[in-house]
Structures are given as structure tokens and as C-alpha cells.
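Participant: Coordinates in structure-v6.cif, mmCIF, C-alpha atoms, are listed below.
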data_final
loop_
_atom_site.label_atom_id
_atom_site.label_comp_id
_atom_site.auth_asym_id
_atom_site.auth_seq_id
_atom_site.Cartn_x
_atom_site.Cartn_y
_atom_site.Cartn_z
CA MET A 1 17.49 48.30 147.54
CA ASN A 2 17.67 47.62 151.28
CA VAL A 3 18.17 43.87 151.20
CA LEU A 4 19.35 42.68 154.61
CA SER A 5 22.37 40.40 154.92
CA ASP A 6 21.50 36.97 156.21
CA SER A 7 23.82 34.73 158.18
CA ALA A 8 21.93 31.73 156.83
CA ALA A 9 23.18 32.43 153.31
CA THR A 10 25.49 29.59 152.33
CA ALA A 11 27.62 29.04 149.29
CA VAL A 12 26.32 26.82 146.52
CA SER A 13 28.75 25.56 143.95
CA HIS A 14 26.47 25.58 140.89
CA GLU A 15 24.73 28.50 139.24
CA LYS A 16 20.92 28.43 139.41
CA GLY A 17 20.21 31.20 136.95
CA ARG A 18 21.27 34.57 135.66
CA ILE A 19 19.96 37.60 137.55
CA LEU A 20 20.04 41.21 136.40
CA LEU A 21 20.32 43.28 139.57
CA VAL A 22 19.46 46.97 139.11
CA ASP A 23 19.97 49.47 141.93
CA ASP A 24 21.61 52.90 142.12
CA ASP A 25 22.75 52.36 145.73
CA ASP A 26 26.30 51.06 145.24
CA GLN A 27 26.73 49.58 148.71
CA LEU A 28 23.41 47.76 148.81
CA ARG A 29 23.82 46.50 145.25
CA THR A 30 27.27 45.09 146.02
CA VAL A 31 26.12 43.37 149.21
CA THR A 32 23.05 41.93 147.50
CA GLN A 33 25.12 40.66 144.58
CA LEU A 34 27.59 38.89 146.87
CA LEU A 35 24.84 37.22 148.90
CA LEU A 36 22.93 36.08 145.82
CA GLU A 37 26.10 34.69 144.28
CA LYS A 38 26.69 32.70 147.49
CA GLN A 39 23.27 31.18 146.87
CA GLY A 40 24.43 29.95 143.46
CA PHE A 41 23.15 32.65 141.12
CA HIS A 42 25.15 34.46 138.48
CA VAL A 43 24.45 38.17 139.01
CA GLU A 44 25.02 41.01 136.54
CA PRO A 45 24.81 44.40 138.32
CA ALA A 46 23.62 47.72 136.87
CA ASN A 47 23.41 51.04 138.69
CA ASN A 48 21.24 52.95 136.20
CA VAL A 49 18.58 52.48 133.55
CA THR A 50 20.96 52.95 130.61
CA ASP A 51 23.29 50.16 131.73
CA ALA A 52 20.33 47.92 132.54
CA LEU A 53 18.82 48.37 129.08
CA ARG A 54 22.19 47.64 127.45
CA LEU A 55 22.53 44.39 129.41
CA ILE A 56 18.95 43.38 128.60
CA ALA A 57 19.63 43.91 124.91
CA ASN A 58 22.88 41.94 124.85
CA GLN A 59 22.53 39.16 127.41
CA ASP A 60 20.03 36.51 128.49
CA PHE A 61 18.53 36.53 131.98
CA GLU A 62 16.16 34.31 133.92
CA VAL A 63 15.45 36.95 136.59
CA LEU A 64 15.22 40.73 136.87
CA LEU A 65 15.54 42.20 140.35
CA SER A 66 15.05 45.97 140.20
CA ASP A 67 14.61 48.80 142.64
CA LEU A 68 11.56 50.96 141.89
CA HIS A 69 13.29 54.36 142.21
CA MET A 70 16.69 55.02 140.60
CA PRO A 71 16.30 57.86 141.44
CA ASP A 72 13.06 58.63 139.55
CA ALA A 73 9.78 56.79 140.07
CA GLY A 74 9.52 55.64 136.46
CA ASP A 75 12.98 54.05 136.29
CA GLY A 76 11.95 50.65 137.65
CA PHE A 77 8.94 50.54 135.31
CA THR A 78 11.17 51.27 132.32
CA VAL A 79 13.56 48.42 133.14
CA VAL A 80 10.72 45.97 133.82
CA SER A 81 8.99 46.86 130.55
CA ALA A 82 12.20 46.39 128.57
CA MET A 83 12.85 43.02 130.20
CA ARG A 84 9.30 41.85 129.53
CA HIS A 85 9.60 42.85 125.89
CA THR A 86 13.05 41.37 125.27
CA HIS A 87 12.93 38.33 127.58
CA PRO A 88 9.20 37.59 128.06
CA LYS A 89 9.87 34.39 130.03
CA ALA A 90 12.11 36.09 132.62
CA LEU A 91 10.90 36.47 136.18
CA THR A 92 10.57 40.18 137.00
CA ILE A 93 10.65 41.34 140.61
CA VAL A 94 10.37 44.93 141.85
CA LEU A 95 11.50 46.02 145.31
CA SER A 96 9.62 48.93 146.84
CA GLY A 97 9.62 50.92 150.06
CA TYR A 98 6.37 51.55 151.90
CA PRO A 99 5.92 55.19 150.72
CA ALA A 100 5.97 53.99 147.11
CA ILE A 101 3.84 50.89 147.61
CA GLN A 102 0.96 52.16 145.46
CA GLU A 103 3.34 52.74 142.57
CA ALA A 104 4.66 49.25 143.13
CA VAL A 105 1.15 47.80 143.02
CA ASP A 106 0.69 49.60 139.71
CA ALA A 107 3.82 47.83 138.51
CA ILE A 108 2.05 44.49 138.87
CA ALA A 109 -0.69 45.71 136.56
CA LYS A 110 2.01 46.68 134.08
CA ASP A 111 4.58 43.90 133.71
CA ALA A 112 6.14 42.90 137.03
CA ASP A 113 5.56 39.35 138.28
CA GLU A 114 6.01 40.27 141.91
CA VAL A 115 6.51 43.30 144.15
CA LEU A 116 8.38 42.82 147.42
CA LEU A 117 8.49 45.27 150.28
CA LYS A 118 11.89 46.46 151.48
CA PRO A 119 13.80 45.44 153.52
CA ILE A 120 13.88 41.71 152.72
CA LYS A 121 16.32 39.00 153.71
CA VAL A 122 18.30 37.37 150.95
CA SER A 123 17.23 33.93 152.20
CA VAL A 124 13.58 34.91 151.71
CA LEU A 125 14.33 36.50 148.34
CA THR A 126 16.18 33.37 147.22
CA GLU A 127 13.29 31.14 148.25
CA ILE A 128 10.85 33.27 146.25
CA ILE A 129 13.07 33.23 143.18
CA ASN A 130 13.62 29.47 143.36
CA LYS A 131 9.90 28.75 143.71
CA ARG A 132 9.04 31.08 140.84
CA LEU A 133 11.66 29.56 138.55
CA ALA A 134 10.54 26.05 139.43
CA SER A 135 6.89 26.89 138.69
CA PRO A 136 6.89 29.67 136.10
CA GLY A 137 3.71 31.69 135.95
CA ARG A 138 2.69 33.91 133.12
CA GLN A 139 4.91 34.06 130.08
CA ILE A 140 3.81 37.08 128.10
CA MET A 141 4.92 37.91 124.59
CA LEU A 142 3.54 41.37 124.07
CA ALA A 143 2.40 42.28 120.61
CA LYS A 144 4.71 44.81 118.99
CA GLU A 145 3.18 48.20 118.22
CA ARG A 146 4.42 50.93 115.94
CA VAL A 147 4.88 54.35 117.52
CA SER A 148 2.16 55.76 115.26
CA LYS A 149 -0.40 53.34 116.71
CA ILE A 150 0.59 54.16 120.30
CA LEU A 151 0.36 57.92 119.73
CA GLU A 152 -2.95 57.61 117.93
CA ARG A 153 -4.43 55.46 120.68
CA ASP A 154 -3.05 57.57 123.55
CA GLY A 155 -3.29 60.96 121.88
CA SER A 156 -5.70 62.33 124.47
CA LEU A 157 -3.40 61.18 127.28
CA THR A 158 -0.47 62.92 125.60
CA ILE A 159 -2.45 66.15 125.39
CA GLN A 160 -3.48 65.84 129.05
CA ASP A 161 0.15 65.40 130.02
CA TRP A 162 1.08 68.41 127.88
CA MET A 163 -1.64 70.50 129.58
CA SER A 164 -0.36 69.51 133.01
CA ARG A 165 3.22 70.43 132.14
CA CYS A 166 2.17 73.76 130.63
CA ALA A 167 0.16 74.52 133.78
CA SER A 168 3.33 74.14 135.85
CA ASN A 169 5.29 76.48 133.56
CA GLU A 170 5.37 79.97 135.04
CA ASP A 171 5.35 81.84 131.72
CA LEU A 172 2.71 79.72 130.01
CA ARG A 173 0.25 79.55 132.89
CA ALA A 174 0.29 83.35 133.02
CA MET A 175 -1.78 83.33 129.83
CA PRO A 176 -5.47 83.44 130.89
CA LEU A 177 -6.82 80.71 128.59
CA ASN A 178 -9.41 78.00 129.07
CA PRO A 179 -8.46 74.40 128.21
CA GLN A 180 -9.86 74.59 124.69
CA GLU A 181 -8.02 77.84 123.97
CA ARG A 182 -4.86 76.42 125.53
CA THR A 183 -4.74 73.33 123.33
CA GLY A 184 -5.52 75.33 120.18
CA HIS A 185 -4.83 73.13 117.19
CA LEU A 186 -2.84 70.56 119.16
CA PRO A 187 -5.18 67.60 118.38
CA ARG A 188 -4.75 68.30 114.66
CA LEU A 189 -0.98 68.68 115.10
CA MET A 190 -0.90 65.24 116.73
CA ALA A 191 -2.95 63.83 113.86
CA ASP A 192 -0.46 65.30 111.38
CA LEU A 193 2.37 63.68 113.35
CA VAL A 194 0.71 60.27 113.21
CA LEU A 195 0.16 60.73 109.47
CA ARG A 196 3.86 61.55 109.03
CA LEU A 197 4.89 58.44 110.97
CA ARG A 198 2.68 56.29 108.76
CA SER A 199 3.79 57.90 105.53
CA GLN A 200 5.99 55.89 103.22
CA SER A 201 8.07 59.06 102.72
CA SER A 202 8.45 59.83 106.44
CA ASP A 203 11.93 61.24 105.81
CA GLN A 204 10.34 64.37 104.38
CA ALA A 205 8.31 66.81 106.49
CA LEU A 206 4.72 67.31 105.42
CA ILE A 207 3.00 70.69 105.16
CA SER A 208 0.86 71.14 108.25
CA VAL A 209 -1.98 73.60 107.72
CA ALA A 210 -2.88 73.12 111.38
CA ALA A 211 0.58 74.31 112.44
CA ARG A 212 0.27 77.49 110.39
CA GLU A 213 -3.19 78.15 111.87
CA HIS A 214 -1.88 77.39 115.34
CA GLY A 215 0.78 80.07 114.99
CA ALA A 216 -1.78 82.62 113.84
CA LEU A 217 -3.98 81.74 116.82
CA ARG A 218 -1.12 82.17 119.24
CA ARG A 219 -0.44 85.63 117.80
CA VAL A 220 -4.06 86.62 118.49
CA GLN A 221 -3.86 85.16 121.99
CA GLY A 222 -0.82 87.29 122.82
CA TYR A 223 1.88 84.65 122.85
CA THR A 224 5.52 85.36 122.11
CA ILE A 225 7.65 83.20 119.84
CA ALA A 226 9.66 82.13 122.88
CA MET A 227 6.47 80.82 124.49
CA MET A 228 5.63 78.87 121.33
CA VAL A 229 9.09 77.31 121.35
CA GLU A 230 8.59 76.30 124.98
CA GLU A 231 5.22 74.73 124.17
CA SER A 232 6.84 72.76 121.37
CA ARG A 233 9.59 71.53 123.68
CA ILE A 234 6.99 70.42 126.22
CA LEU A 235 5.09 68.60 123.48
CA GLN A 236 8.13 66.47 122.66
CA VAL A 237 8.56 65.65 126.35
CA SER A 238 4.91 64.59 126.59
CA ILE A 239 5.14 62.47 123.45
CA PHE A 240 8.22 60.63 124.69
CA ASN A 241 6.57 60.20 128.09
CA THR A 242 3.66 58.45 126.35
CA LEU A 243 6.06 56.16 124.54
CA GLN A 244 7.94 55.33 127.73
CA LYS A 245 4.70 54.15 129.34
CA SER A 246 4.26 51.73 126.42
CA LEU A 247 7.90 50.67 126.27
CA GLY A 248 6.99 47.05 126.86
CA SER A 249 5.03 46.78 123.61
CA VAL A 250 6.80 49.26 121.32
CA ASP A 251 8.35 47.86 118.15
CA PHE A 252 12.08 48.25 118.85
CA ASP A 253 12.94 47.43 115.25
CA THR A 254 11.49 50.77 114.11
CA VAL A 255 11.49 52.92 117.24
CA LEU A 256 14.77 54.74 116.50
CA LEU A 257 13.58 55.87 113.07
CA ASP A 258 10.20 56.83 114.54
CA VAL A 259 11.79 58.91 117.31
CA MET A 260 13.91 60.75 114.74
CA THR A 261 10.76 61.37 112.68
CA ILE A 262 8.91 62.73 115.71
CA ALA A 263 11.68 65.21 116.49
CA ASP A 264 11.84 66.35 112.87
CA GLU A 265 8.07 66.68 112.50
CA VAL A 266 7.62 68.64 115.75
CA ASP A 267 10.43 71.00 114.71
CA SER A 268 8.86 71.37 111.25
CA GLN A 269 5.48 72.16 112.79
CA LEU A 270 7.11 74.77 115.04
CA LYS A 271 8.71 76.40 111.99
CA GLN A 272 5.36 76.56 110.21
CA ALA A 273 3.66 77.87 113.34
CA VAL A 274 6.25 80.66 113.61
CA LEU A 275 5.58 81.57 109.96
CA GLY A 276 1.86 81.69 110.68
CA PHE A 277 2.59 83.84 113.74
CA ALA A 278 4.73 86.26 111.71
CA GLU A 279 2.18 86.54 108.89
CA SER A 280 -0.69 87.43 111.21
CA PRO A 281 -1.51 91.04 112.05
CA VAL A 282 -0.62 92.30 115.49
CA PRO A 283 -3.83 92.25 117.57
CA ASN A 284 -5.22 95.59 118.66
CA PRO A 285 -4.82 96.18 122.39
CA ALA A 286 -8.06 95.95 124.32
#
I need this file expressed as C-alpha cells, please.
Facilitator:
Amino acid sequence: MNVLSDSAATAVSHEKGRILLVDDDDQLRTVTQLLLEKQGFHVEPANNVTDALRLIANQDFEVLLSDLHMPDAGDGFTVVSAMRHTHPKALTIVLSGYPAIQEAVDAIAKDADEVLLKPIKVSVLTEIINKRLASPGRQIMLAKERVSKILERDGSLTIQDWMSRCASNEDLRAMPLNPQERTGHLPRLMADLVLRLRSQSSDQALISVAAREHGALRRVQGYTIAMMVEESRILQVSIFNTLQKSLGSVDFDTVLLDVMTIADEVDSQLKQAVLGFAESPVPNPA
């Protein structure tokens, strides 16, 4: 997190507020915690996203101070979104290095209140926090959204992400297909998934005609079953990536059940696609 020690930091006997400090650099996190505590803050440290999310869920905080990369670019965004959802009145600050400044600017458009460039003195950081707490700015309570609504709204973005990931897969990109041929019945498969999530009986997989047709198409296109399995795995990754980007507004009361339903439905669609593949005649070689 590259916060510089500051000789001007002096001890204050009372606590000004609770800070969640998130950074995967152990040495910098420890130094920053000690200096902030000398300024009168109570600091809870976390060195990864999982620990940060656990603390957010179980404790109250007035301030989030998070590094942008821990070690992945999306880690800081995930923590900020969770804090904004759970503690909408908390001050959220992201620290970013110059090479990642554009990503940090994007964080402002998402949920962060402020982005500070590393390195920064603790005295300066303390002044910013105190001013922000004394004059709170926006206090956003994001509307909760069901996973089905998010996937329906961002279905095209999910497919674009899936296309990009498939294009970087050595085996899949070897298939000479145009974008329309590549996606096949994927838009209909996504629609079936949304329908399953909205169904009152979401614990039972639905019959997906699109999945069966998708398998038959892949047989004609020369796919192997292994390639279909890989495509299905990538689809789940793309779906969860879409949900992560909307973490700040997702309905946490239902998200666990929805995630389980997604995994079950995608697996069910793969099974039906494999059946469609097996039932189709082997294409004649050109």
C-alpha cells in the first residue's frame, strides 16, 4: 500500500473511528496500522479479499482503506463494492499506483469515495479521513437486485466476456468459426438460465431444448466433447465475473441459492448438450 511513515504522527488517546485496512503487503499493512492507531483510529487489518469480506459482514466500520491490487486488479473493486452494499455510509478510499491510475479512476465511477495516489503520508491520509468523516458526502443505499435480473440485463456483456475467454483458449480458437457460429445457441442458453433462476421450482433443472440443439450444432462444427466441457466451464467463469462486477447491488439474501442454481443449471445444460451431440450423425468429411 506504500504509505510512508511520518514523524509528525502523534498519539491520540481517543478512537476517532473504525477503519478496515486491506492490503496484501504484510510489512506496509502493519506499519500503516500502527501509524493510524497512533492518530486515534481503531484499525482492523485484512490481507486478502476473503478476510475483508468476512470482517465487513460481521463488524461495523466508518472507513475502508483498500489497496487496488491484492494481487489481482479486481480485488479492490470487490472489497469496495461489498463495503458500499453492507455499510453504505462508510467512507471508502482506494490507494493506487500510477500504472493503475485509470483503473482507480474507474473505481470512483463504481463505488469508491476517493482514490489516492501512492505513496502518501499518514498525516495527509489522516487529514483526508477526518475531513471526510466530519463532512460526509454521498451516502448511497444501492437497490438490491436478484441474480436473474443482473444476468438478464448484462447477458450480452457475459457473452462478450465468454467470447474473449474462448478466443484465448488454444484448443477452442483453433476452430475456424465466425462470432455467430461460435456463440451458437448461447443467448438461448442464457435465457433458459434466467428462467430457471426465476422459477418457483428452481431446485429442479428444466429441459433446455436450446442445449440439445447446441450439442447437435457442435457435432456438425467438429467439436469434441472435451471442447464442449471447456466451453461450459468458461461460461460459468464469465457468469460469475458478471456478478462480481455487480457485487455492490446484488441481493446477498438470495445470492448463495442463486449461485448454486447457476452451477446446477449450467451442468444440466452441458449434459443435455452432450446428449444432443451423441444423437447427431457424424458429419461427412469435406
Participant: Taking into account all atoms listed in the file, which residue in the set A:Gln160, A:Ser268, A:Thr126, A:Gln221 is nearest to Ser208 of chain A?
Facilitator: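 Residue with the minimum atom-to-atom distance to Ser208 of chain A: A:Ser268.
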Participant: Translate the PyMOL selection byres ((chain A and resi 235) around 9) into a concrete residue list for this structure, as a PyMOL selection string.
Facilitator: chain A and resi 158-159+161-162+230-234+236-240+266
Participant: For atom CA of Thr92 of chain A and atom CA of Val255 of chain A, quote the distance in Å rounded to one decimal.
Facilitator: 23.5 Å
Participant: Do you have the atom CA of Arg212 of chain A-atom CA of Gln269 of chain A distance handy?
Facilitator: 7.8 Å
Participant: Residue by residue, what does the PyMOL selection byres ((chain A and resi 32) around 12) grab here? Present the result as a tab-separated table (two decimals) with C-alpha atoms, in the frame of the given file.
Facilitator:
chain	number	residue	atom	x	y	z
A	1	MET	CA	17.49	48.30	147.54
A	2	ASN	CA	17.67	47.62	151.28
A	3	VAL	CA	18.17	43.87	151.20
A	4	LEU	CA	19.35	42.68	154.61
A	5	SER	CA	22.37	40.40	154.92
A	6	ASP	CA	21.50	36.97	156.21
A	9	ALA	CA	23.18	32.43	153.31
A	19	ILE	CA	19.96	37.60	137.55
A	20	LEU	CA	20.04	41.21	136.40
A	21	LEU	CA	20.32	43.28	139.57
A	22	VAL	CA	19.46	46.97	139.11
A	23	ASP	CA	19.97	49.47	141.93
A	25	ASP	CA	22.75	52.36	145.73
A	26	ASP	CA	26.30	51.06	145.24
A	27	GLN	CA	26.73	49.58	148.71
A	28	LEU	CA	23.41	47.76	148.81
A	29	ARG	CA	23.82	46.50	145.25
A	30	THR	CA	27.27	45.09	146.02
A	31	VAL	CA	26.12	43.37	149.21
A	33	GLN	CA	25.12	40.66	144.58
A	34	LEU	CA	27.59	38.89	146.87
A	35	LEU	CA	24.84	37.22	148.90
A	36	LEU	CA	22.93	36.08	145.82
A	37	GLU	CA	26.10	34.69	144.28
A	38	LYS	CA	26.69	32.70	147.49
A	39	GLN	CA	23.27	31.18	146.87
A	41	PHE	CA	23.15	32.65	141.12
A	42	HIS	CA	25.15	34.46	138.48
A	43	VAL	CA	24.45	38.17	139.01
A	44	GLU	CA	25.02	41.01	136.54
A	45	PRO	CA	24.81	44.40	138.32
A	65	LEU	CA	15.54	42.20	140.35
A	66	SER	CA	15.05	45.97	140.20
A	67	ASP	CA	14.61	48.80	142.64
A	119	PRO	CA	13.80	45.44	153.52
A	120	ILE	CA	13.88	41.71	152.72
A	121	LYS	CA	16.32	39.00	153.71
A	122	VAL	CA	18.30	37.37	150.95
A	123	SER	CA	17.23	33.93	152.20
A	125	LEU	CA	14.33	36.50	148.34
A	126	THR	CA	16.18	33.37	147.22
Participant: Do you have the atom CA of Asn58 of chain A-atom CA of Ile262 of chain A distance handy?
Facilitator: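 Those two atoms sit 26.7 Å apart.
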Participant: Determine the residue membership of the PyMOL selection byres ((chain A and resi 171) around 12) for the file above and supply it as a ChimeraX atom specification.
Facilitator: /A:165-170,172-176,223-224,226-231
Participant: Would you kindly return, as a PyMOL selection string, each protein, DNA or RNA residue with an atom no farther than 9 Å from any atom of Leu53 of chain A, considering only C-alpha atoms and excluding same-chain residues fewer than 5 positions away?
Facilitator: chain A and resi 48+58+78-79+82-83
Participant: Which residue, A:Val124, A:Met163, A:Lys131, A:Pro88, has the smallest gap to Leu186 of chain A when you use all atoms listed in the file?
Facilitator: A:Met163
